[in-house]
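Dumped final23.cif below, it's mmCIF, C-alpha atoms:
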data_data
#
loop_
_atom_site.label_atom_id
_atom_site.label_comp_id
_atom_site.auth_asym_id
_atom_site.auth_seq_id
_atom_site.Cartn_x
_atom_site.Cartn_y
_atom_site.Cartn_z
CA MET U 30 175.37 134.51 216.90
CA GLU U 31 176.58 131.01 215.99
CA SER U 32 174.55 131.05 212.77
CA GLU U 33 176.22 134.37 211.85
CA ARG U 34 179.67 132.78 212.21
CA ARG U 35 178.82 129.74 210.08
CA PRO U 36 179.14 131.48 206.66
CA VAL U 37 182.41 133.12 207.76
CA ARG U 38 183.74 129.78 209.03
CA LYS U 39 182.74 128.08 205.76
CA ALA U 40 184.45 130.80 203.71
CA ILE U 41 187.64 130.40 205.76
CA ASP U 42 187.52 126.60 205.39
CA ASN U 43 187.03 126.93 201.63
CA ALA U 44 189.96 129.36 201.45
CA LYS U 45 192.15 126.84 203.28
CA ILE U 46 191.09 124.05 200.90
CA ARG U 47 191.94 126.23 197.90
CA ALA U 48 195.30 127.19 199.47
CA ARG U 49 196.24 123.53 200.04
CA ALA U 50 195.26 122.68 196.45
CA ALA U 51 197.40 125.57 195.17
CA VAL U 52 200.36 124.25 197.18
CA ARG U 53 199.92 120.79 195.62
CA ARG U 54 199.81 122.29 192.11
CA ARG U 55 202.93 124.32 192.84
CA ALA U 56 204.71 121.30 194.35
CA ALA U 57 204.13 119.10 191.30
CA ASP U 58 207.48 117.96 189.87
CA MET U 59 209.47 119.52 192.75
CA THR U 60 212.34 117.62 194.33
CA ALA U 61 212.56 116.94 198.05
CA GLU U 62 215.05 119.80 198.45
CA GLN U 63 212.72 122.22 196.68
CA VAL U 64 209.80 121.09 198.84
CA GLU U 65 211.92 121.53 201.97
CA LYS U 66 212.85 125.08 200.90
CA ALA U 67 209.20 125.90 200.17
CA THR U 68 208.25 124.44 203.58
CA ASP U 69 210.77 126.72 205.30
CA GLU U 70 209.43 129.75 203.37
CA ALA U 71 205.85 128.83 204.29
CA HIS U 72 206.87 128.50 207.94
CA MET U 73 208.46 131.97 207.85
CA HIS U 74 205.36 133.40 206.15
CA GLU U 75 203.15 131.80 208.83
CA ARG U 76 205.25 133.33 211.63
CA ILE U 77 205.15 136.79 210.04
CA ARG U 78 201.37 136.61 209.48
CA SER U 79 200.75 135.45 213.06
CA ARG U 80 202.26 138.68 214.38
CA LEU U 81 199.60 140.75 212.58
CA CYS U 82 196.18 139.91 213.91
CA GLU U 83 193.93 142.92 214.10
CA THR U 84 191.06 142.22 211.73
CA GLU U 85 188.94 139.33 210.49
CA ASP U 86 190.97 139.40 207.26
CA ASP U 87 194.14 138.94 209.31
CA VAL U 88 192.62 135.88 211.01
CA ARG U 89 191.71 134.47 207.58
CA ALA U 90 195.24 135.14 206.27
CA ILE U 91 196.79 133.42 209.28
CA GLY U 92 194.55 130.40 208.73
CA ILE U 93 195.61 130.22 205.10
CA ALA U 94 199.31 130.58 206.00
CA VAL U 95 198.98 127.74 208.54
CA ALA U 96 197.17 125.56 205.97
CA GLU U 97 199.87 126.20 203.36
CA HIS U 98 202.70 125.42 205.78
CA THR U 99 200.94 122.27 206.95
CA GLU U 100 200.42 121.15 203.34
CA TRP U 101 204.09 121.67 202.46
CA ARG U 102 205.08 119.58 205.50
CA ARG U 103 202.58 116.87 204.53
CA ILE U 104 203.92 116.78 200.95
CA GLY U 105 207.48 116.33 202.25
CA TYR U 106 206.29 113.47 204.43
CA VAL U 107 204.44 111.83 201.51
CA MET U 108 207.51 112.09 199.30
CA GLU U 109 209.59 110.38 201.95
CA GLU U 110 207.02 107.66 202.67
CA GLU U 111 206.25 106.95 199.00
CA GLY U 112 209.92 107.19 197.97
CA LEU U 113 209.20 109.90 195.39
CA GLU U 114 212.12 111.65 193.68
CA VAL U 115 209.73 114.42 192.60
CA TYR U 116 206.27 115.18 193.95
CA ASP U 117 203.41 113.81 191.89
CA PRO U 118 199.90 114.60 193.19
CA GLU U 119 198.63 111.49 191.37
CA ARG U 120 200.86 109.33 193.60
CA ASP U 121 199.73 111.10 196.78
CA PRO U 122 196.84 109.02 198.21
CA THR U 123 195.49 111.90 200.31
CA ALA U 124 195.61 114.36 197.40
CA VAL U 125 193.82 111.86 195.17
CA ARG U 126 191.08 111.40 197.81
CA TRP U 127 190.72 115.17 198.29
CA ALA U 128 190.47 115.69 194.53
CA ARG U 129 187.72 113.05 194.34
CA GLU U 130 185.87 114.71 197.25
CA GLU U 131 186.21 118.16 195.63
CA THR U 132 184.86 116.83 192.34
CA GLU U 133 181.89 115.33 194.19
CA ARG U 134 181.23 118.60 196.08
CA GLU U 135 181.31 120.51 192.79
CA ARG U 136 178.96 117.97 191.19
CA GLN U 137 176.51 118.30 194.08
CA ALA U 138 176.69 122.11 194.00
CA GLN U 139 176.03 122.08 190.25
CA ALA U 140 173.08 119.71 190.76
CA ARG U 141 171.64 122.06 193.42
CA GLN U 142 172.15 125.03 191.10
CA ASP U 143 170.55 123.20 188.18
CA GLY U 144 167.61 122.25 190.40
CA ALA U 145 167.21 125.85 191.55
CA ALA U 146 167.34 127.11 187.98
CA LYS U 147 164.52 124.75 187.01
CA MET U 148 162.20 125.94 189.76
CA VAL U 149 159.04 127.56 188.44
CA LEU U 150 156.84 129.71 190.62
CA THR U 151 153.30 130.52 189.58
CA VAL U 152 151.64 133.38 191.41
CA PRO U 153 148.09 134.26 190.44
CA LEU U 154 147.53 138.02 190.28
CA ALA U 155 144.22 139.78 190.74
CA GLY U 156 143.02 141.68 187.68
CA GLU U 157 143.75 145.14 189.10
CA THR U 158 147.22 144.08 190.32
CA TYR U 159 148.09 142.73 186.88
CA ARG U 160 146.87 145.91 185.19
CA GLN U 161 149.07 148.01 187.52
CA LEU U 162 152.01 145.72 186.85
CA ARG U 163 151.52 146.02 183.07
CA ALA U 164 151.21 149.80 183.33
CA CYS U 165 154.38 150.07 185.42
CA ALA U 166 156.33 147.77 183.07
CA GLY U 167 155.03 149.62 179.99
CA ALA U 168 156.01 152.98 181.47
CA HIS U 169 159.61 151.75 181.73
CA GLY U 170 159.77 149.98 178.38
CA ILE U 171 160.02 146.44 179.75
CA THR U 172 157.66 143.49 179.70
CA PRO U 173 155.54 142.52 182.71
CA GLN U 174 157.48 139.22 182.80
CA ARG U 175 160.80 141.11 183.05
CA LEU U 176 159.40 143.30 185.83
CA ILE U 177 158.25 140.21 187.71
CA GLY U 178 161.74 138.76 187.20
CA LEU U 179 163.31 141.89 188.67
CA LEU U 180 160.95 141.69 191.63
CA ALA U 181 161.72 138.00 192.14
CA GLU U 182 165.48 138.66 192.13
CA ARG U 183 165.04 141.02 195.08
CA VAL U 184 162.42 139.17 197.10
CA GLY U 185 163.12 138.16 200.70
CA THR U 186 161.30 137.48 203.93
CA THR U 187 161.26 139.36 207.21
CA PRO U 188 161.91 137.61 210.52
CA GLY U 189 158.13 137.68 210.97
CA GLY U 190 157.64 135.71 207.75
CA LEU U 191 156.36 138.57 205.57
CA VAL U 192 157.48 138.75 201.96
CA GLU U 193 159.33 141.93 201.00
CA VAL U 194 161.10 143.24 197.91
CA ALA U 195 164.27 145.31 198.20
CA PRO U 196 163.91 148.76 196.59
CA PHE U 197 165.23 149.18 193.04
CA ALA U 198 164.83 151.48 190.07
CA VAL U 199 164.22 150.70 186.42
CA GLU U 200 165.33 153.12 183.73
CA SER U 201 163.44 152.91 180.47
CA GLY U 202 164.52 149.65 178.85
CA ALA U 203 167.47 149.06 181.22
CA ASP U 204 167.81 147.53 184.68
CA ILE U 205 169.53 149.66 187.32
CA ASP U 206 170.12 148.50 190.88
CA LYS U 207 168.93 150.83 193.60
#
Hey, can you dump this file as structure tokens for me?
Amino acid sequence: MESERRPVRKAIDNAKIRARAAVRRRAADMTAEQVEKATDEAHMHERIRSRLCETEDDVRAIGIAVAEHTEWRRIGYVMEEEGLEVYDPERDPTAVRWAREETERERQAQARQDGAAKMVLTVPLAGETYRQLRACAGAHGITPQRLIGLLAERVGTTPGGLVEVAPFAVESGADIDK
């Protein structure tokens, strides 16, 4: 159950991070009065959203509204502490740190993706299996390599550790899902 909640929790956390970043972009070059007005609007939006909590999407929306309101309050505090006439994300130490961290996360994600794209899997096929694969691919106007690629895109494992391929259809020369 906990492992099922982890992807949802991560998606909500990512949505909050994006919402705070959007607030900082919007706040750039705003005066203290404008930030205060936006903070009041965000507070009102948070209160309205908190009254509607029936679905998982509502919970996500409330979390985002809270994150936005909190970010507006934090920006007002930073402006006061740093003596800023207008908000400048480059003069906000926390925003600078978060931007650095986000850049690093993106770099790591890209490195993981690049590493995954470079992975090569070699699977020896028995003669009869390869002949059947060639016949199937030929019947649909695609190459055996393309058919293997389609199979690989849909491969998964069962809880018992068996390899399985999700059902799909191939129309002559074109790929069609299910």
Practice problem: Select, from U:Thr99, U:Thr151, U:Gln139, U:Thr84, the residue with the minimum atom-to-atom distance to Ala71 of chain U, counting only C-alpha atoms. | Solution: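 Of U:Thr99, U:Thr151, U:Gln139, U:Thr84, the one nearest Ala71 of chain U, counting only C-alpha atoms, is U:Thr99.
Atom CA of Lys45 of chain U sits 6.9 Å away from atom CA of Gly92 of chain U.
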Exercise. State, in Å with one decimal place, the distance from atom CA of Thr158 of chain U to atom CA of Val192 of chain U.
Key: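 Calculated distance between atom CA of Thr158 of chain U and atom CA of Val192 of chain U is 16.4 Å.
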Quiz item: How would you write as a PyMOL selection string the residues that get within 10 Å of (163.5, 147.4, 194.7) in the file's frame, counting only C-alpha atoms?
Solution: chain U and resi 179-184+193-199+205-207
Practice problem: Using the chain letters and residue numbers of this document, give as a list in words the residues selected by the PyMOL selection byres ((chain U and resi 44) around 12). | Solution: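 For this structure, the PyMOL selection byres ((chain U and resi 44) around 12) captures Val37, Arg38, Lys39, Ala40, Ile41, Asp42, Asn43, Lys45, Ile46, Arg47, Ala48, Arg49, Ala50, Ala51, Asp86, Val88, Arg89, Ala90, Ile91, Gly92, Ile93, Ala94, Val95, Ala96 and Glu97 of chain U.
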Practice problem: Please measure the separation of atom CA of Glu70 of chain U and atom CA of Glu109 of chain U, giving the value in Å to one decimal. | Solution: 19.4 Å
Quiz item: With only C-alpha atoms as the atoms that count, which of U:Leu154, U:Ser79, U:Tyr116, U:Val52 lies nearest to Glu100 of chain U?
Solution: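 Nearest to Glu100 of chain U: U:Val52.
With all atoms listed in the file as the atoms that count, the minimum distance from Met59 of chain U to the choices U:Glu119, U:Arg103, U:Glu75, U:Met108 is reached by U:Met108.
Against this structure, the PyMOL selection byres ((chain U and resi 123) around 12) ends up with Arg49, Ala50, Arg53, Glu100, Arg103, Ile104, Tyr106, Val107, Glu111, Asp117, Pro118, Glu119, Arg120, Asp121, Pro122, Ala124, Val125, Arg126, Trp127, Ala128, Arg129 and Glu130 of chain U.
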Written selection (C-alpha atoms) as a PDB file, keeping the file's coordinate frame:
ATOM      1  CA  ARG U  49     196.240 123.530 200.040  1.00  0.00           C
ATOM      2  CA  ALA U  50     195.260 122.680 196.450  1.00  0.00           C
ATOM      3  CA  ARG U  53     199.920 120.790 195.620  1.00  0.00           C
ATOM      4  CA  GLU U 100     200.420 121.150 203.340  1.00  0.00           C
ATOM      5  CA  ARG U 103     202.580 116.870 204.530  1.00  0.00           C
ATOM      6  CA  ILE U 104     203.920 116.780 200.950  1.00  0.00           C
ATOM      7  CA  TYR U 106     206.290 113.470 204.430  1.00  0.00           C
ATOM      8  CA  VAL U 107     204.440 111.830 201.510  1.00  0.00           C
ATOM      9  CA  GLU U 111     206.250 106.950 199.000  1.00  0.00           C
ATOM     10  CA  ASP U 117     203.410 113.810 191.890  1.00  0.00           C
ATOM     11  CA  PRO U 118     199.900 114.600 193.190  1.00  0.00           C
ATOM     12  CA  GLU U 119     198.630 111.490 191.370  1.00  0.00           C
ATOM     13  CA  ARG U 120     200.860 109.330 193.600  1.00  0.00           C
ATOM     14  CA  ASP U 121     199.730 111.100 196.780  1.00  0.00           C
ATOM     15  CA  PRO U 122     196.840 109.020 198.210  1.00  0.00           C
ATOM     16  CA  ALA U 124     195.610 114.360 197.400  1.00  0.00           C
ATOM     17  CA  VAL U 125     193.820 111.860 195.170  1.00  0.00           C
ATOM     18  CA  ARG U 126     191.080 111.400 197.810  1.00  0.00           C
ATOM     19  CA  TRP U 127     190.720 115.170 198.290  1.00  0.00           C
ATOM     20  CA  ALA U 128     190.470 115.690 194.530  1.00  0.00           C
ATOM     21  CA  ARG U 129     187.720 113.050 194.340  1.00  0.00           C
ATOM     22  CA  GLU U 130     185.870 114.710 197.250  1.00  0.00           C
TER      23      GLU U 130
END
Practice problem: Write out as a PyMOL selection string each polymer residue whose atoms come within 7 Å of Ala166 of chain U, counting all atoms listed in the file; drop sequence neighbours fewer than 6 positions from it. | Solution: chain U and resi 172-173+176
Residues at most 9 Å from Arg102 of chain U, counting only C-alpha atoms, excluding those fewer than 6 positions away in the same chain, as a short mmCIF file (atom, residue, chain, number, x, y, z; two decimals) with C-alpha atoms, in the frame of the given file?
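Below is the file that was written, result.cif:
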data_model
loop_
_atom_site.label_atom_id
_atom_site.label_comp_id
_atom_site.auth_asym_id
_atom_site.auth_seq_id
_atom_site.Cartn_x
_atom_site.Cartn_y
_atom_site.Cartn_z
CA VAL U 64 209.80 121.09 198.84
CA GLU U 65 211.92 121.53 201.97
CA THR U 68 208.25 124.44 203.58
#
